[in-house]
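Data from upload.txt: compact mmCIF, C-alpha atoms
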# COMPACT_ATOMS: atom_id res chain seq x y z
CA MET A 2 -14.33 23.90 28.25
CA ASN A 3 -11.64 21.85 26.63
CA ALA A 4 -10.25 18.79 28.35
CA PRO A 5 -6.63 19.44 29.40
CA GLU A 6 -5.25 17.19 26.68
CA HIS A 7 -6.81 19.36 23.98
CA HIS A 8 -5.12 22.46 25.28
CA GLY A 9 -3.11 24.06 22.53
CA PHE A 10 -3.96 21.41 19.95
CA GLN A 11 -4.71 22.79 16.54
CA LEU A 12 -5.01 20.73 13.39
CA HIS A 13 -2.29 21.42 10.81
CA PRO A 14 -3.72 23.54 7.95
CA GLN A 15 -2.62 21.01 5.34
CA LEU A 16 -4.64 18.29 7.08
CA VAL A 17 -7.60 20.65 7.24
CA ALA A 18 -7.25 21.22 3.49
CA ASP A 19 -6.86 17.54 2.55
CA SER A 20 -9.51 15.92 4.73
CA HIS A 21 -12.93 16.17 6.37
CA PRO A 22 -13.86 15.53 10.01
CA VAL A 23 -15.46 12.16 10.80
CA CYS A 24 -15.46 11.91 14.61
CA ASP A 25 -13.33 12.16 17.72
CA LEU A 26 -12.02 9.07 19.48
CA PRO A 27 -10.60 9.39 23.02
CA LEU A 28 -7.12 10.32 21.79
CA SER A 29 -7.41 11.06 18.10
CA THR A 30 -9.46 13.09 15.72
CA VAL A 31 -10.52 10.92 12.77
CA ARG A 32 -10.65 12.53 9.34
CA LEU A 33 -11.46 11.26 5.85
CA ILE A 34 -8.97 12.13 3.11
CA ASP A 35 -10.86 13.81 0.28
CA ASP A 36 -9.92 11.31 -2.41
CA VAL A 37 -12.59 8.94 -3.65
CA ARG A 38 -9.99 6.58 -5.09
CA TRP A 39 -9.43 5.00 -1.65
CA PRO A 40 -11.30 4.76 1.63
CA TRP A 41 -8.54 6.59 3.50
CA LEU A 42 -8.70 7.81 7.08
CA ILE A 43 -6.18 9.63 9.20
CA LEU A 44 -5.95 9.57 12.98
CA VAL A 45 -4.54 12.74 14.51
CA PRO A 46 -3.77 12.45 18.22
CA ARG A 47 -4.92 15.67 19.91
CA ARG A 48 -1.53 16.32 21.42
CA PRO A 49 0.24 19.53 20.49
CA PHE A 50 3.90 19.13 19.54
CA ALA A 51 3.69 15.36 18.85
CA SER A 52 5.46 14.52 15.62
CA GLU A 53 6.68 10.97 16.18
CA VAL A 54 4.80 8.04 17.74
CA VAL A 55 7.52 8.01 20.41
CA ASP A 56 6.74 11.63 21.28
CA LEU A 57 3.52 10.33 22.83
CA ALA A 58 3.43 9.24 26.47
CA HIS A 59 3.17 5.47 26.85
CA GLY A 60 -0.54 5.63 27.73
CA ASP A 61 -1.21 7.69 24.63
CA GLN A 62 0.74 5.20 22.51
CA LEU A 63 -1.54 2.45 23.84
CA ALA A 64 -4.62 4.55 23.08
CA LEU A 65 -3.34 5.16 19.56
CA LEU A 66 -2.87 1.42 19.05
CA VAL A 67 -6.43 0.74 20.24
CA GLU A 68 -7.74 3.41 17.87
CA ILE A 69 -5.71 2.10 14.92
CA SER A 70 -7.17 -1.37 15.56
CA LYS A 71 -10.69 -0.03 15.85
CA VAL A 72 -10.47 1.99 12.65
CA SER A 73 -8.81 -0.93 10.83
CA ARG A 74 -11.64 -3.29 11.73
CA VAL A 75 -14.31 -0.79 10.74
CA LEU A 76 -12.67 -0.23 7.37
CA GLN A 77 -12.27 -3.98 6.79
CA ARG A 78 -15.95 -4.54 7.59
CA GLN A 79 -17.20 -1.60 5.58
CA TYR A 80 -15.17 -1.82 2.37
CA ARG A 81 -13.72 -4.57 0.24
CA THR A 82 -10.11 -4.52 1.38
CA ASP A 83 -7.31 -6.69 0.07
CA LYS A 84 -4.75 -5.02 2.32
CA LEU A 85 -4.66 -2.23 4.84
CA ASN A 86 -1.83 0.26 4.62
CA ILE A 87 -1.03 1.84 7.98
CA ALA A 88 1.63 4.51 8.15
CA ALA A 89 3.01 7.41 10.17
CA LEU A 90 5.20 9.32 7.72
CA GLY A 91 5.00 13.06 8.31
CA ASN A 92 7.63 14.21 5.84
CA LEU A 93 5.36 16.96 4.55
CA VAL A 94 3.13 17.55 7.59
CA PRO A 95 5.13 17.18 10.81
CA GLN A 96 2.03 16.97 13.04
CA LEU A 97 1.69 13.31 14.05
CA HIS A 98 -0.98 11.61 11.95
CA VAL A 99 -1.51 7.96 11.08
CA HIS A 100 -2.83 6.95 7.69
CA ILE A 101 -5.14 3.93 7.44
CA ILE A 102 -5.94 3.16 3.85
CA CYS A 103 -8.02 0.38 2.26
CA ARG A 104 -6.10 -1.04 -0.65
CA ARG A 105 -7.53 -3.21 -3.41
CA LYS A 106 -5.65 -5.16 -6.01
CA ASP A 107 -7.49 -3.22 -8.69
CA ASP A 108 -6.94 0.23 -7.21
CA ALA A 109 -5.25 3.15 -8.96
CA ALA A 110 -1.84 2.65 -7.35
CA TRP A 111 -1.63 -1.06 -6.51
CA PRO A 112 0.86 -2.43 -5.53
CA ARG A 113 2.62 0.89 -4.97
CA PRO A 114 1.94 3.10 -1.95
CA VAL A 115 -0.73 5.71 -2.60
CA TRP A 116 1.19 8.86 -1.70
CA GLY A 117 1.94 11.07 -4.67
CA VAL A 118 0.14 8.83 -7.16
CA GLY A 119 -1.92 10.73 -9.71
CA THR A 120 -4.28 13.50 -8.68
CA PRO A 121 -6.72 13.33 -5.76
CA GLU A 122 -10.34 12.91 -6.88
CA PRO A 123 -12.54 14.78 -4.40
CA TYR A 124 -15.82 13.20 -3.30
CA ARG A 125 -19.06 14.53 -4.69
CA PRO A 126 -20.83 16.28 -1.75
CA GLU A 127 -23.64 13.73 -1.40
CA HIS A 128 -21.19 10.81 -1.53
CA LEU A 129 -18.94 12.52 1.03
CA HIS A 130 -21.87 13.05 3.35
CA ILE A 131 -22.97 9.42 3.17
CA ARG A 132 -19.47 8.05 3.63
CA ILE A 133 -18.74 10.22 6.65
CA ARG A 134 -22.08 9.37 8.24
CA GLN A 135 -21.45 5.64 7.78
CA LEU A 136 -17.94 5.82 9.16
CA ALA A 137 -18.92 7.99 12.12
CA SER A 138 -21.75 5.63 12.95
CA SER A 139 -19.51 2.53 12.79
CA LEU A 140 -16.78 4.19 14.84
CA ALA A 141 -19.28 5.19 17.52
CA GLY A 142 -20.17 1.49 18.02
CA MET B 26 13.28 -26.72 20.45
CA ASN B 27 11.30 -23.78 19.19
CA ALA B 28 9.09 -21.77 21.50
CA PRO B 29 5.43 -22.37 20.61
CA GLU B 30 5.04 -18.95 19.04
CA HIS B 31 7.74 -19.74 16.50
CA HIS B 32 5.98 -22.86 15.37
CA GLY B 33 5.35 -22.68 11.65
CA PHE B 34 6.87 -19.22 11.29
CA GLN B 35 9.04 -18.83 8.26
CA LEU B 36 10.35 -15.55 6.92
CA HIS B 37 8.97 -14.60 3.51
CA PRO B 38 11.63 -15.23 0.81
CA GLN B 39 11.38 -11.63 -0.44
CA LEU B 40 12.24 -10.33 3.04
CA VAL B 41 15.14 -12.78 3.19
CA ALA B 42 16.37 -11.43 -0.14
CA ASP B 43 15.99 -7.73 0.74
CA SER B 44 17.37 -7.66 4.27
CA HIS B 45 19.86 -9.04 6.79
CA PRO B 46 19.19 -10.36 10.32
CA VAL B 47 19.97 -7.98 13.19
CA CYS B 48 18.44 -9.61 16.27
CA ASP B 49 15.29 -11.11 17.74
CA LEU B 50 13.07 -9.14 20.10
CA PRO B 51 10.40 -10.98 22.14
CA LEU B 52 7.81 -10.81 19.35
CA SER B 53 9.62 -9.71 16.22
CA THR B 54 12.65 -10.53 14.20
CA VAL B 55 14.56 -7.33 13.37
CA ARG B 56 16.21 -7.07 9.98
CA LEU B 57 18.19 -4.37 8.18
CA ILE B 58 17.10 -3.53 4.64
CA ASP B 59 20.12 -3.82 2.37
CA ASP B 60 20.08 -0.25 1.09
CA VAL B 61 22.73 2.12 2.34
CA ARG B 62 20.67 5.16 1.34
CA TRP B 63 18.62 4.92 4.56
CA PRO B 64 19.02 3.34 7.97
CA TRP B 65 15.96 1.14 7.47
CA LEU B 66 14.82 -1.69 9.72
CA ILE B 67 11.87 -4.02 9.49
CA LEU B 68 10.15 -5.76 12.38
CA VAL B 69 8.61 -9.12 11.47
CA PRO B 70 6.39 -10.58 14.21
CA ARG B 71 7.12 -14.30 14.44
CA ARG B 72 3.51 -15.23 13.95
CA PRO B 73 2.62 -17.39 10.97
CA PHE B 74 -0.37 -16.19 8.97
CA ALA B 75 -0.34 -12.63 10.34
CA SER B 76 -0.76 -10.14 7.52
CA GLU B 77 -2.46 -7.19 9.21
CA VAL B 78 -1.70 -5.61 12.59
CA VAL B 79 -5.25 -6.57 13.60
CA ASP B 80 -4.48 -10.22 12.83
CA LEU B 81 -2.29 -10.18 15.95
CA ALA B 82 -3.78 -11.01 19.35
CA HIS B 83 -4.09 -7.95 21.59
CA GLY B 84 -1.05 -8.91 23.65
CA ASP B 85 1.01 -9.27 20.51
CA GLN B 86 -0.18 -5.86 19.29
CA LEU B 87 1.07 -4.37 22.56
CA ALA B 88 4.40 -6.17 22.17
CA LEU B 89 4.70 -4.86 18.63
CA LEU B 90 4.07 -1.31 19.85
CA VAL B 91 6.78 -1.68 22.51
CA GLU B 92 9.19 -2.97 19.89
CA ILE B 93 8.37 -0.19 17.42
CA SER B 94 9.06 2.35 20.18
CA LYS B 95 12.30 0.66 21.15
CA VAL B 96 13.59 0.48 17.59
CA SER B 97 12.48 4.08 16.94
CA ARG B 98 14.46 5.40 19.91
CA VAL B 99 17.55 3.40 18.97
CA LEU B 100 17.45 4.74 15.42
CA GLN B 101 16.91 8.33 16.62
CA ARG B 102 19.89 8.04 18.97
CA GLN B 103 22.14 6.32 16.47
CA TYR B 104 21.53 8.27 13.28
CA ARG B 105 20.76 11.84 12.36
CA THR B 106 17.02 11.65 11.81
CA ASP B 107 14.76 14.48 10.74
CA LYS B 108 11.71 12.20 10.66
CA LEU B 109 10.93 8.55 11.24
CA ASN B 110 8.71 6.81 8.75
CA ILE B 111 6.82 3.88 10.28
CA ALA B 112 4.61 1.76 8.06
CA ALA B 113 2.88 -1.57 7.68
CA LEU B 114 2.04 -1.81 3.98
CA GLY B 115 2.41 -5.37 2.70
CA ASN B 116 1.10 -4.88 -0.81
CA LEU B 117 3.97 -6.91 -2.25
CA VAL B 118 4.86 -9.13 0.71
CA PRO B 119 1.73 -10.14 2.62
CA GLN B 120 3.65 -11.37 5.68
CA LEU B 121 3.18 -8.71 8.37
CA HIS B 122 6.25 -6.52 8.62
CA VAL B 123 6.69 -2.98 9.92
CA HIS B 124 9.13 -0.60 8.27
CA ILE B 125 10.99 1.89 10.47
CA ILE B 126 13.07 4.23 8.36
CA CYS B 127 15.30 7.18 9.28
CA ARG B 128 14.56 10.05 6.96
CA ARG B 129 16.69 13.10 6.41
CA LYS B 130 15.80 16.26 4.57
CA ASP B 131 18.77 15.67 2.28
CA ASP B 132 18.06 12.00 1.55
CA ALA B 133 17.52 10.50 -1.90
CA ALA B 134 13.72 10.54 -1.77
CA TRP B 135 12.79 13.39 0.60
CA PRO B 136 9.99 14.35 1.05
CA ARG B 137 8.53 11.40 -0.84
CA PRO B 138 8.18 7.95 0.75
CA VAL B 139 11.17 5.69 0.02
CA TRP B 140 9.40 2.74 -1.56
CA GLY B 141 10.12 2.31 -5.24
CA VAL B 142 12.50 5.28 -5.39
CA GLY B 143 15.60 4.63 -7.48
CA THR B 144 17.65 1.48 -7.10
CA PRO B 145 18.70 -0.03 -3.76
CA GLU B 146 22.39 0.48 -3.00
CA PRO B 147 23.61 -2.58 -1.09
CA TYR B 148 25.99 -2.10 1.83
CA ARG B 149 29.65 -2.94 1.39
CA PRO B 150 30.29 -6.06 3.52
CA GLU B 151 32.45 -4.31 6.15
CA HIS B 152 29.93 -1.44 6.50
CA LEU B 153 27.06 -3.92 6.77
CA HIS B 154 28.88 -5.84 9.47
CA ILE B 155 29.55 -2.71 11.55
CA ARG B 156 26.03 -1.35 11.19
CA ILE B 157 24.42 -4.64 12.18
CA ARG B 158 26.73 -5.04 15.16
CA GLN B 159 25.95 -1.50 16.36
CA LEU B 160 22.20 -1.95 15.97
CA ALA B 161 22.15 -5.38 17.60
CA SER B 162 24.16 -4.03 20.52
CA SER B 163 21.85 -1.02 21.02
CA LEU B 164 18.71 -3.15 20.73
CA ALA B 165 20.05 -5.59 23.31
CA GLY B 166 20.31 -2.72 25.86
As structure tokens - that is how I would like this structure written.
Amino acid sequence: MNAPEHHGFQLHPQLVADSHPVCDLPLSTVRLIDDVRWPWLILVPRRPFASEVVDLAHGDQLALLVEISKVSRVLQRQYRTDKLNIAALGNLVPQLHVHIICRRKDDAAWPRPVWGVGTPEPYRPEHLHIRIRQLASSLAG
Amino acid sequence: MNAPEHHGFQLHPQLVADSHPVCDLPLSTVRLIDDVRWPWLILVPRRPFASEVVDLAHGDQLALLVEISKVSRVLQRQYRTDKLNIAALGNLVPQLHVHIICRRKDDAAWPRPVWGVGTPEPYRPEHLHIRIRQLASSLAG
């Protein structure tokens, strides 16, 4: 049985197409963007109809902040990171989702934002599997 | 006399060059980016050395969230907004600052992110003055 907050939540098909499931945090589903050029996670609060951060109830906003911080620290620990990029844009996919991206000064887009730069490079299956397992394990801690 | 939290805080020269002061909220200085193509504010927490959201103490993170929500609601009320873009990037200016940008489906960059698109169009002085006064007044409420 779904918890009440899940009721009616369905991941946007574009997010399904662009990313792979990592784990569920109390508010958000965590997914890995399928682009090996950057360690790049998205947090998708399991709240139907939320498009803006301010569409969330205050308690959910606090939960989202806690989850952004948690994911940020895990990424910083796990990957060489010169800068985190954190963003809620949603121009193409209106379902609220927060990008958390590890940026390096030698990455393919630096210092520009990553969106729309070049062509995504999907993970090889074995690499994808390892990365997701590592991230899920760190986020469970 | 400065409050302790201001001690040592100095706005990054690039932010000074790109934006105009609107008002101070409890944690952050609010500034208007000098580009008439978008209603575009930045929040700069008055904390020296903060570069990432997770560099802020937990209480400051909560204050930042409250201020992001407040600014978001003011922008939504004041301007026709199809989508807010909220982002902490910092690839060019490492001082922590959060962009909050009103996006419209007919704007100059839609649906792309705004950074690096075209050339900034500075406000005319009288327009700048009115916009800042309106924003400062709404944010004081």
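Among the candidate residues A:Ala109, A:Ile131, A:Leu63, A:Val118, the one lying nearest to chain B is A:Leu63, with distances computed using only C-alpha atoms.
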Contacts from chain A to chain B, 7 Å maximum, only C-alpha atoms: show me the residue list as an mmCIF file with C-alpha atoms, in the frame of the given file.
data_model
loop_
_atom_site.group_PDB
_atom_site.id
_atom_site.type_symbol
_atom_site.label_atom_id
_atom_site.label_comp_id
_atom_site.auth_asym_id
_atom_site.auth_seq_id
_atom_site.Cartn_x
_atom_site.Cartn_y
_atom_site.Cartn_z
ATOM 1 C CA GLU A 53 6.680 10.970 16.180
ATOM 2 C CA VAL A 55 7.520 8.010 20.410
ATOM 3 C CA SER A 70 -7.170 -1.370 15.560
ATOM 4 C CA LYS A 84 -4.750 -5.020 2.320
ATOM 5 C CA LEU A 85 -4.660 -2.230 4.840
ATOM 6 C CA ASN A 86 -1.830 0.260 4.620
ATOM 7 C CA ILE A 87 -1.030 1.840 7.980
ATOM 8 C CA ALA A 88 1.630 4.510 8.150
ATOM 9 C CA ALA A 89 3.010 7.410 10.170
ATOM 10 C CA LEU A 90 5.200 9.320 7.720
ATOM 11 C CA ASN A 92 7.630 14.210 5.840
ATOM 12 C CA LEU A 93 5.360 16.960 4.550
ATOM 13 C CA PRO A 112 0.860 -2.430 -5.530
#
Nearby residues (all atoms listed in the file) at most 10 Å from Leu129 of chain A, same-chain spacing under 6 positions excluded, as an MDAnalysis selection string: chainID A and resid 21 33 35:37 123 135
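Coordinates place atom CA of His32 of chain B at a distance of 12.8 Å from atom CA of Leu52 of chain B.
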Residues near Ser20 of chain A, cut-off 9 Å, only C-alpha atoms, skip fewer than 3 positions along chain, as number ranges by chain: A: 15-17, 32-36, 42-43
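Relative to atom CA of Pro46 of chain A, atom CA of Thr30 of chain A is found at 6.2 Å.
Of note, atom CA of Val72 of chain A and atom CA of Leu140 of chain A are spaced 7.0 Å apart.
Restricting the calculation to all atoms listed in the file, the smallest distance between Leu26 of chain A and any of A:Arg47, A:His13, A:His128, A:Arg38 is found for A:Arg47.
In terms of minimum interatomic distance to Ala64 of chain A, A:Ser29 ranks closest within A:Gln11, A:Ser138, A:Ser29, A:Thr120, counting all atoms listed in the file.
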